[in-house]
$ cat coords.txt   # compact mmCIF, C-alpha atoms
# COMPACT_ATOMS: atom_id res chain seq x y z
CA MET A 171 -130.19 159.87 279.40
CA ASP A 172 -128.77 158.19 282.51
CA LYS A 173 -128.76 154.41 282.87
CA PRO A 174 -129.25 152.83 286.32
CA ASP A 175 -125.51 152.20 286.57
CA GLY A 176 -124.76 155.90 286.07
CA ASN A 177 -123.47 155.65 282.50
CA LEU A 178 -124.93 157.71 279.68
CA LEU A 179 -127.18 156.04 277.13
CA VAL A 180 -126.96 157.71 273.71
CA THR A 181 -129.92 157.10 271.37
CA VAL A 182 -131.45 158.73 268.32
CA SER A 183 -134.59 160.85 268.62
CA PRO A 184 -137.38 160.86 269.59
CA HIS A 185 -136.48 160.91 273.27
CA ILE A 186 -140.00 161.63 274.52
CA ARG A 187 -142.67 159.12 273.66
CA GLY A 188 -146.40 159.42 274.29
CA ARG A 189 -148.91 156.72 275.04
CA ARG A 190 -150.94 157.39 271.88
CA THR A 191 -150.28 154.74 269.25
CA THR A 192 -151.40 154.43 265.64
CA ASN A 193 -153.77 151.68 266.73
CA ARG A 194 -155.31 153.88 269.43
CA ILE A 195 -155.76 156.81 267.02
CA MET A 196 -157.38 154.61 264.39
CA LEU A 197 -159.68 153.10 267.01
CA ASP A 198 -160.82 156.58 268.00
CA VAL A 199 -161.58 157.37 264.34
CA LEU A 200 -163.61 154.15 264.06
CA ILE A 201 -165.55 155.10 267.17
CA ALA A 202 -166.21 158.54 265.70
CA LEU A 203 -167.62 156.92 262.55
CA VAL A 204 -170.12 154.77 264.47
CA PRO A 205 -172.89 157.43 264.57
CA ALA A 206 -172.71 157.84 260.79
CA PHE A 207 -172.75 154.06 260.36
CA ILE A 208 -175.88 153.75 262.50
CA ALA A 209 -177.48 156.62 260.59
CA SER A 210 -176.73 154.93 257.26
CA ILE A 211 -178.55 151.80 258.40
CA VAL A 212 -181.55 153.80 259.59
CA ILE A 213 -181.69 155.87 256.38
CA PHE A 214 -180.78 153.34 253.69
CA GLY A 215 -181.38 149.96 255.29
CA VAL A 216 -179.32 146.88 256.10
CA ARG A 217 -177.46 146.85 252.78
CA SER A 218 -175.36 149.65 254.30
CA ILE A 219 -173.91 147.01 256.62
CA LEU A 220 -173.11 144.71 253.71
CA VAL A 221 -171.39 147.41 251.63
CA THR A 222 -169.35 148.60 254.62
CA CYS A 223 -168.30 145.08 255.62
CA VAL A 224 -167.29 144.22 252.04
CA CYS A 225 -165.14 147.36 251.77
CA VAL A 226 -163.47 146.80 255.14
CA ALA A 227 -162.81 143.12 254.49
CA SER A 228 -161.45 143.85 251.00
CA CYS A 229 -159.13 146.57 252.29
CA VAL A 230 -157.79 144.42 255.12
CA LEU A 231 -157.34 141.39 252.84
CA SER A 232 -155.64 143.48 250.14
CA GLU A 233 -153.16 144.86 252.66
CA TRP A 234 -152.45 141.43 254.16
CA VAL A 235 -151.97 139.73 250.78
CA TYR A 236 -149.73 142.49 249.42
CA GLU A 237 -147.50 142.62 252.49
CA LYS A 238 -147.21 138.84 252.59
CA ALA A 239 -146.38 138.72 248.87
CA MET A 240 -143.76 141.47 249.25
CA LYS A 241 -142.41 139.87 252.46
CA LYS A 242 -143.08 143.02 254.41
CA PRO A 243 -144.27 143.24 258.02
CA VAL A 244 -148.04 142.78 258.18
CA THR A 245 -149.66 145.97 259.49
CA VAL A 246 -153.38 145.17 259.41
CA ARG A 247 -153.55 145.36 263.20
CA ASP A 248 -152.96 149.12 263.12
CA LEU A 249 -156.57 149.44 261.84
CA SER A 250 -155.65 151.93 259.11
CA ALA A 251 -156.99 149.57 256.42
CA CYS A 252 -160.26 149.34 258.36
CA ILE A 253 -160.53 153.13 258.36
CA THR A 254 -159.94 153.23 254.61
CA GLY A 255 -162.64 150.60 254.08
CA VAL A 256 -165.22 152.42 256.18
CA LEU A 257 -164.52 155.81 254.58
CA LEU A 258 -164.66 154.33 251.10
CA ALA A 259 -167.97 152.63 251.86
CA PHE A 260 -169.37 155.87 253.28
CA ASN A 261 -168.57 157.57 249.97
CA LEU A 262 -170.46 155.01 247.86
CA PRO A 263 -174.15 154.70 247.00
CA VAL A 264 -175.85 151.93 248.94
CA THR A 265 -176.81 150.39 245.57
CA ILE A 266 -173.19 149.92 244.45
CA PRO A 267 -172.48 146.44 243.04
CA LEU A 268 -170.33 144.61 245.56
CA TRP A 269 -167.64 143.69 243.04
CA GLN A 270 -167.15 147.37 242.33
CA ALA A 271 -166.78 148.03 246.05
CA VAL A 272 -164.06 145.35 246.10
CA PHE A 273 -162.38 146.99 243.10
CA GLY A 274 -162.35 150.36 244.86
CA SER A 275 -160.89 148.81 248.00
CA VAL A 276 -158.04 147.22 246.05
CA VAL A 277 -157.30 150.54 244.33
CA ALA A 278 -157.24 152.34 247.69
CA ILE A 279 -154.93 149.89 249.44
CA ILE A 280 -152.66 148.57 246.69
CA LEU A 281 -152.37 151.44 244.20
CA VAL A 282 -152.66 154.45 246.49
CA LYS A 283 -151.24 153.20 249.79
CA GLN A 284 -148.95 150.18 249.47
CA LEU A 285 -147.22 150.96 246.17
CA PHE A 286 -146.06 154.24 247.70
CA GLY A 287 -144.61 152.49 250.74
CA GLY A 288 -147.55 151.89 253.05
CA LEU A 289 -148.97 153.94 255.92
CA GLY A 290 -147.19 157.26 256.28
CA LYS A 291 -145.84 157.36 252.74
CA ASN A 292 -148.93 157.68 250.52
CA PHE A 293 -149.25 161.14 248.96
CA ALA A 294 -153.06 161.12 248.69
CA ASN A 295 -155.95 159.93 250.80
CA PRO A 296 -156.66 156.33 249.69
CA ALA A 297 -160.44 156.45 250.14
CA ILE A 298 -160.79 159.79 248.34
CA THR A 299 -158.64 158.65 245.41
CA ALA A 300 -160.46 155.33 245.11
CA ARG A 301 -163.80 157.13 245.07
CA ILE A 302 -162.64 159.36 242.21
CA VAL A 303 -161.34 156.36 240.25
CA MET A 304 -164.65 154.56 240.76
CA PHE A 305 -166.60 157.68 239.80
CA LEU A 306 -164.71 157.92 236.52
CA ALA A 307 -164.82 154.17 235.83
CA PHE A 308 -168.39 153.41 236.97
CA SER A 309 -170.19 156.71 236.49
CA ILE A 310 -173.65 155.13 236.20
CA THR A 311 -173.60 152.99 239.34
CA MET A 312 -171.70 155.66 241.29
CA THR A 313 -174.54 158.14 240.68
CA ARG A 314 -177.49 155.81 241.24
CA TRP A 315 -179.05 157.06 244.45
CA THR A 316 -181.75 155.39 246.51
CA SER A 317 -184.38 157.53 248.18
CA PRO A 318 -184.77 157.01 251.96
CA GLU A 319 -188.53 156.72 251.32
CA ALA A 320 -188.09 153.39 249.53
CA PRO A 321 -190.66 150.95 250.94
CA ALA A 322 -189.49 147.93 252.88
CA GLY A 323 -188.73 145.00 250.62
CA ALA A 324 -188.50 147.13 247.46
CA ALA A 325 -185.65 146.59 245.03
CA LEU A 326 -182.63 148.75 245.70
CA ASP A 327 -183.16 150.89 242.64
CA ALA A 328 -186.96 150.81 242.75
CA VAL A 329 -187.20 154.26 244.31
CA SER A 330 -184.46 156.56 243.09
CA GLY A 331 -183.73 160.07 244.25
CA ALA A 332 -181.25 162.73 243.20
CA THR A 333 -178.89 164.25 245.73
CA PRO A 334 -179.66 167.79 246.95
CA LEU A 335 -176.65 169.15 245.05
CA ALA A 336 -177.92 167.55 241.85
CA LEU A 337 -181.33 169.13 242.46
CA ILE A 338 -179.68 172.53 242.95
CA ALA A 339 -177.79 172.08 239.69
CA LYS A 340 -181.12 171.42 237.95
CA GLY A 341 -182.76 174.52 239.36
CA GLY A 342 -183.46 173.68 242.99
CA ALA A 343 -186.96 172.25 242.65
CA GLU A 344 -188.36 170.17 245.52
CA LEU A 345 -185.33 170.53 247.77
CA PRO A 346 -185.45 168.80 251.17
CA GLY A 347 -185.89 171.07 254.20
CA LEU A 348 -182.90 172.02 256.34
CA MET A 349 -183.90 169.62 259.13
CA LYS A 350 -184.01 166.75 256.64
CA MET A 351 -180.61 167.85 255.39
CA PHE A 352 -179.20 167.89 258.92
CA LEU A 353 -180.61 164.45 259.74
CA GLY A 354 -179.69 162.92 256.37
CA ASP A 355 -183.19 162.17 255.09
CA HIS A 356 -182.27 162.53 251.40
CA GLY A 357 -180.37 160.81 248.60
CA GLY A 358 -176.60 160.52 248.70
CA SER A 359 -173.73 158.23 249.56
CA LEU A 360 -174.53 155.95 252.46
CA GLY A 361 -172.31 157.63 255.07
CA GLU A 362 -172.33 161.27 253.99
CA THR A 363 -175.95 162.37 254.27
CA CYS A 364 -176.42 162.67 258.06
CA ALA A 365 -174.61 165.88 259.02
CA ALA A 366 -175.68 165.45 262.65
CA ALA A 367 -173.93 162.08 262.97
CA LEU A 368 -170.77 163.32 261.24
CA LEU A 369 -170.69 166.45 263.40
CA LEU A 370 -171.00 164.28 266.50
CA GLY A 371 -168.08 162.15 265.31
CA GLY A 372 -166.02 165.25 264.55
CA ILE A 373 -166.63 166.67 268.01
CA TYR A 374 -165.51 163.35 269.52
CA LEU A 375 -162.24 163.48 267.55
CA LEU A 376 -161.64 167.08 268.65
CA PHE A 377 -162.37 166.19 272.27
CA ARG A 378 -159.98 163.24 272.12
CA GLY A 379 -157.28 165.39 270.55
CA VAL A 380 -157.06 163.15 267.48
CA ILE A 381 -157.65 166.11 265.13
CA THR A 382 -157.33 169.87 265.45
CA TRP A 383 -159.92 172.45 264.52
CA HIS A 384 -157.90 174.18 261.82
CA ALA A 385 -158.75 172.24 258.64
CA PRO A 386 -162.40 171.35 259.39
CA VAL A 387 -163.36 174.83 260.55
CA SER A 388 -161.59 176.68 257.74
CA PHE A 389 -163.01 174.23 255.17
CA ILE A 390 -166.62 174.62 256.34
CA VAL A 391 -166.40 178.39 256.95
CA VAL A 392 -164.93 179.06 253.49
CA VAL A 393 -167.66 177.02 251.78
CA PHE A 394 -170.28 178.87 253.84
CA ALA A 395 -168.86 182.33 253.10
CA PHE A 396 -167.99 181.79 249.43
CA THR A 397 -171.40 180.32 248.53
CA ALA A 398 -173.11 183.19 250.37
CA ILE A 399 -171.09 185.69 248.34
CA LEU A 400 -172.15 183.92 245.14
CA GLY A 401 -175.81 184.14 246.13
CA TYR A 402 -176.48 180.56 247.22
CA ASP A 403 -177.94 179.35 250.52
CA PRO A 404 -174.79 178.81 252.63
CA VAL A 405 -176.46 176.62 255.27
CA TYR A 406 -177.80 174.33 252.58
CA GLN A 407 -174.39 174.13 250.94
CA ILE A 408 -172.53 173.07 254.08
CA LEU A 409 -175.14 170.43 254.91
CA ALA A 410 -175.21 169.01 251.38
CA GLY A 411 -172.88 166.49 249.81
CA SER A 412 -169.78 165.09 251.46
CA LEU A 413 -168.53 168.30 253.06
CA PHE A 414 -168.81 167.15 256.68
CA ILE A 415 -167.25 163.73 256.14
CA GLY A 416 -164.53 165.35 254.05
CA ALA A 417 -163.83 168.12 256.55
CA PHE A 418 -163.72 166.00 259.71
CA PHE A 419 -162.41 162.65 258.46
CA MET A 420 -160.39 163.27 255.27
CA ALA A 421 -159.03 166.81 255.47
CA THR A 422 -157.56 165.81 258.85
CA ASP A 423 -155.61 162.77 257.68
CA TYR A 424 -152.19 162.79 259.38
CA VAL A 425 -150.32 161.55 256.32
CA THR A 426 -151.75 163.58 253.46
CA THR A 427 -152.46 166.94 255.12
CA PRO A 428 -150.08 169.59 256.52
CA MET A 429 -148.32 169.16 259.84
CA THR A 430 -148.68 172.72 261.15
CA GLY A 431 -151.73 174.63 262.32
CA ALA A 432 -151.14 177.35 259.74
CA GLY A 433 -150.71 174.71 257.06
CA ARG A 434 -154.00 173.08 258.00
CA LEU A 435 -155.77 176.44 257.81
CA ILE A 436 -154.36 176.91 254.30
CA PHE A 437 -155.38 173.35 253.40
CA GLY A 438 -158.96 173.90 254.58
CA PHE A 439 -159.15 177.30 252.87
CA GLY A 440 -157.95 175.89 249.56
CA ALA A 441 -160.24 172.85 249.77
CA GLY A 442 -163.19 175.13 250.50
CA ILE A 443 -162.46 177.40 247.54
CA PHE A 444 -162.03 174.48 245.16
CA THR A 445 -165.20 172.80 246.45
CA VAL A 446 -167.35 175.84 245.74
CA ILE A 447 -165.79 176.37 242.31
CA PHE A 448 -166.38 172.74 241.35
CA ARG A 449 -169.93 172.76 242.72
CA ILE A 450 -171.01 175.99 241.04
CA TYR A 451 -169.04 175.97 237.81
CA GLY A 452 -168.01 172.33 237.29
CA ASN A 453 -169.65 169.53 235.35
CA TYR A 454 -170.38 167.54 238.51
CA PRO A 455 -172.58 168.80 241.36
CA GLU A 456 -170.12 167.70 244.08
CA GLY A 457 -166.47 168.71 244.40
CA VAL A 458 -165.21 167.73 247.87
CA SER A 459 -163.28 164.65 246.74
CA PHE A 460 -161.51 166.46 243.90
CA SER A 461 -160.74 169.41 246.18
CA ILE A 462 -159.13 167.31 248.90
CA LEU A 463 -157.11 165.35 246.35
CA LEU A 464 -155.78 168.61 244.85
CA MET A 465 -154.82 169.89 248.29
CA ASN A 466 -153.17 166.53 249.09
CA ILE A 467 -150.89 167.14 246.12
CA LEU A 468 -150.07 170.63 247.43
CA THR A 469 -149.41 169.47 251.00
CA PRO A 470 -145.58 169.14 250.67
CA TYR A 471 -145.40 172.73 249.43
CA ILE A 472 -147.67 173.95 252.23
CA ASN A 473 -145.45 172.17 254.77
CA ARG A 474 -142.37 173.79 253.28
CA LEU A 475 -144.02 177.20 253.49
CA THR A 476 -145.34 176.95 257.05
CA MET A 477 -142.89 174.78 258.99
CA SER A 478 -140.54 176.69 261.29
CA LYS A 479 -136.82 176.45 260.64
CA PRO A 480 -134.17 175.66 263.29
CA LEU A 481 -132.21 178.64 264.54
CA GLY A 482 -129.35 179.32 262.14
CA ALA A 483 -130.71 177.09 259.39
CA LYS A 484 -130.56 178.32 255.80
CA GLY A 485 -133.42 178.19 253.28
$ encode --input "coords.txt" --output "structure tokens"
Amino acid sequence: MDKPDGNLLVTVSPHIRGRRTTNRIMLDVLIALVPAFIASIVIFGVRSILVTCVCVASCVLSEWVYEKAMKKPVTVRDLSACITGVLLAFNLPVTIPLWQAVFGSVVAIILVKQLFGGLGKNFANPAITARIVMFLAFSITMTRWTSPEAPAGAALDAVSGATPLALIAKGGAELPGLMKMFLGDHGGSLGETCAAALLLGGIYLLFRGVITWHAPVSFIVVVFAFTAILGYDPVYQILAGSLFIGAFFMATDYVTTPMTGAGRLIFGFGAGIFTVIFRIYGNYPEGVSFSILLMNILTPYINRLTMSKPLGAKG
């Protein structure tokens, strides 16, 4: 690189820098999550706002306190903690006790993210891992669903409703129609039920170039095809549970998913296979979170398998 005075300036890579920053990427993800946030309010009421705000505030505060205590640079302005908070909230029932939401946020930020070195060094998706921890620790409150038909002013648990996947596991009686499934008019976590809103957010991320198509498409297609082979309604299966939020917002995480297109295809394929196996043969009706966590663990090996090697390099 030439300096203005004609001398050479020698620096380490990278030599080409783009305008896209971590902050800008995270802001795009937040924008993409807005439709699902609005849908959660419409479907489950204003407590969706409270749960989401508590999770976001707890994640941001946990990151700030930890980095201050460890005398590390404070990184809350990169918005990654906000993303973790929103995704965690979207994976919780609207009836979740707020102290448990705080607990999950601390697990996500401190145990999964910061103790492994912070953004870019965590091996697993923080929101996914925190949800699994909460599911194992608070199995009753994490499976207490509120029906969208709950009357205004009713207590949060006054009108309960099983998720569609739970209904399928019990024999499939009184399943919601496909249009209700697409619009999210059924029981479930507050940000996962409205497939239309999540699809809209995913399209926005693809249009902005924040994510690529490889992992989401392979994930959804494999679940569709595998469930059809096993004799289940494939459209119902891709609209049910947390498949869309997992495919578009968690299986595309820059840190915990493969770096190559081929690797992302493998990631989505594996996550889809595991999801169907867990849903059909497992003890729990949903399997997206467990599937993504398993593929997170395999990501270093997928990278090693699919990354190109420099000319002349060995191994």
$ closest_atom_pairs --input "coords.txt" --of "segment 245-357 of chain A" --to "segment 368-385 of chain A" --cutoff "12 Å" --atoms "only C-alpha atoms" --output "CSV"
residue,atom,partner,partner_atom,distance
A:Leu257,CA,A:Leu368,CA,11.8
A:Phe260,CA,A:Leu368,CA,11.0
A:Phe352,CA,A:Leu369,CA,9.7
A:Leu353,CA,A:Leu368,CA,10.0
A:Gly354,CA,A:Leu368,CA,10.2
$ residues_around --input "coords.txt" --residues "Pro404 of chain A" --least-positions-apart "5" --cutoff "10 Å" --atoms "all atoms listed in the file" --output "compact mmCIF listing (two decimals) with C-alpha atoms, keeping the file's coordinate frame"
# COMPACT_ATOMS: atom_id res chain seq x y z
CA ILE A 390 -166.62 174.62 256.34
CA VAL A 391 -166.40 178.39 256.95
CA VAL A 392 -164.93 179.06 253.49
CA VAL A 393 -167.66 177.02 251.78
CA PHE A 394 -170.28 178.87 253.84
CA ALA A 395 -168.86 182.33 253.10
CA PHE A 396 -167.99 181.79 249.43
CA THR A 397 -171.40 180.32 248.53
CA ALA A 398 -173.11 183.19 250.37
CA ILE A 399 -171.09 185.69 248.34
CA LEU A 409 -175.14 170.43 254.91
CA ALA A 410 -175.21 169.01 251.38
$ closest_residue --input "coords.txt" --among "A:Ser412, A:Thr333, A:Gln284, A:Thr469" --to "Cys364 of chain A" --atoms "only C-alpha atoms"
A:Ser412
$ closest_residue --input "coords.txt" --among "A:Tyr402, A:Phe439, A:Phe273, A:Phe419" --to "Ala206 of chain A" --atoms "all atoms listed in the file"
A:Phe419
$ residues_near_point --input "coords.txt" --point "(-150.9, 180.0, 255.1)" --cutoff "8 Å" --atoms "only C-alpha atoms" --output "PyMOL selection string"
chain A and resi 432-433+435-436+472+475-476
$ atom_distance --input "coords.txt" --atom1 "atom CA of Gly215 of chain A" --atom2 "atom CA of Asn295 of chain A"
27.7 Å
$ closest_residue --input "coords.txt" --among "A:Ala365, A:Ala417, A:Ile213, A:Val256" --to "Pro386 of chain A" --atoms "only C-alpha atoms"
A:Ala417
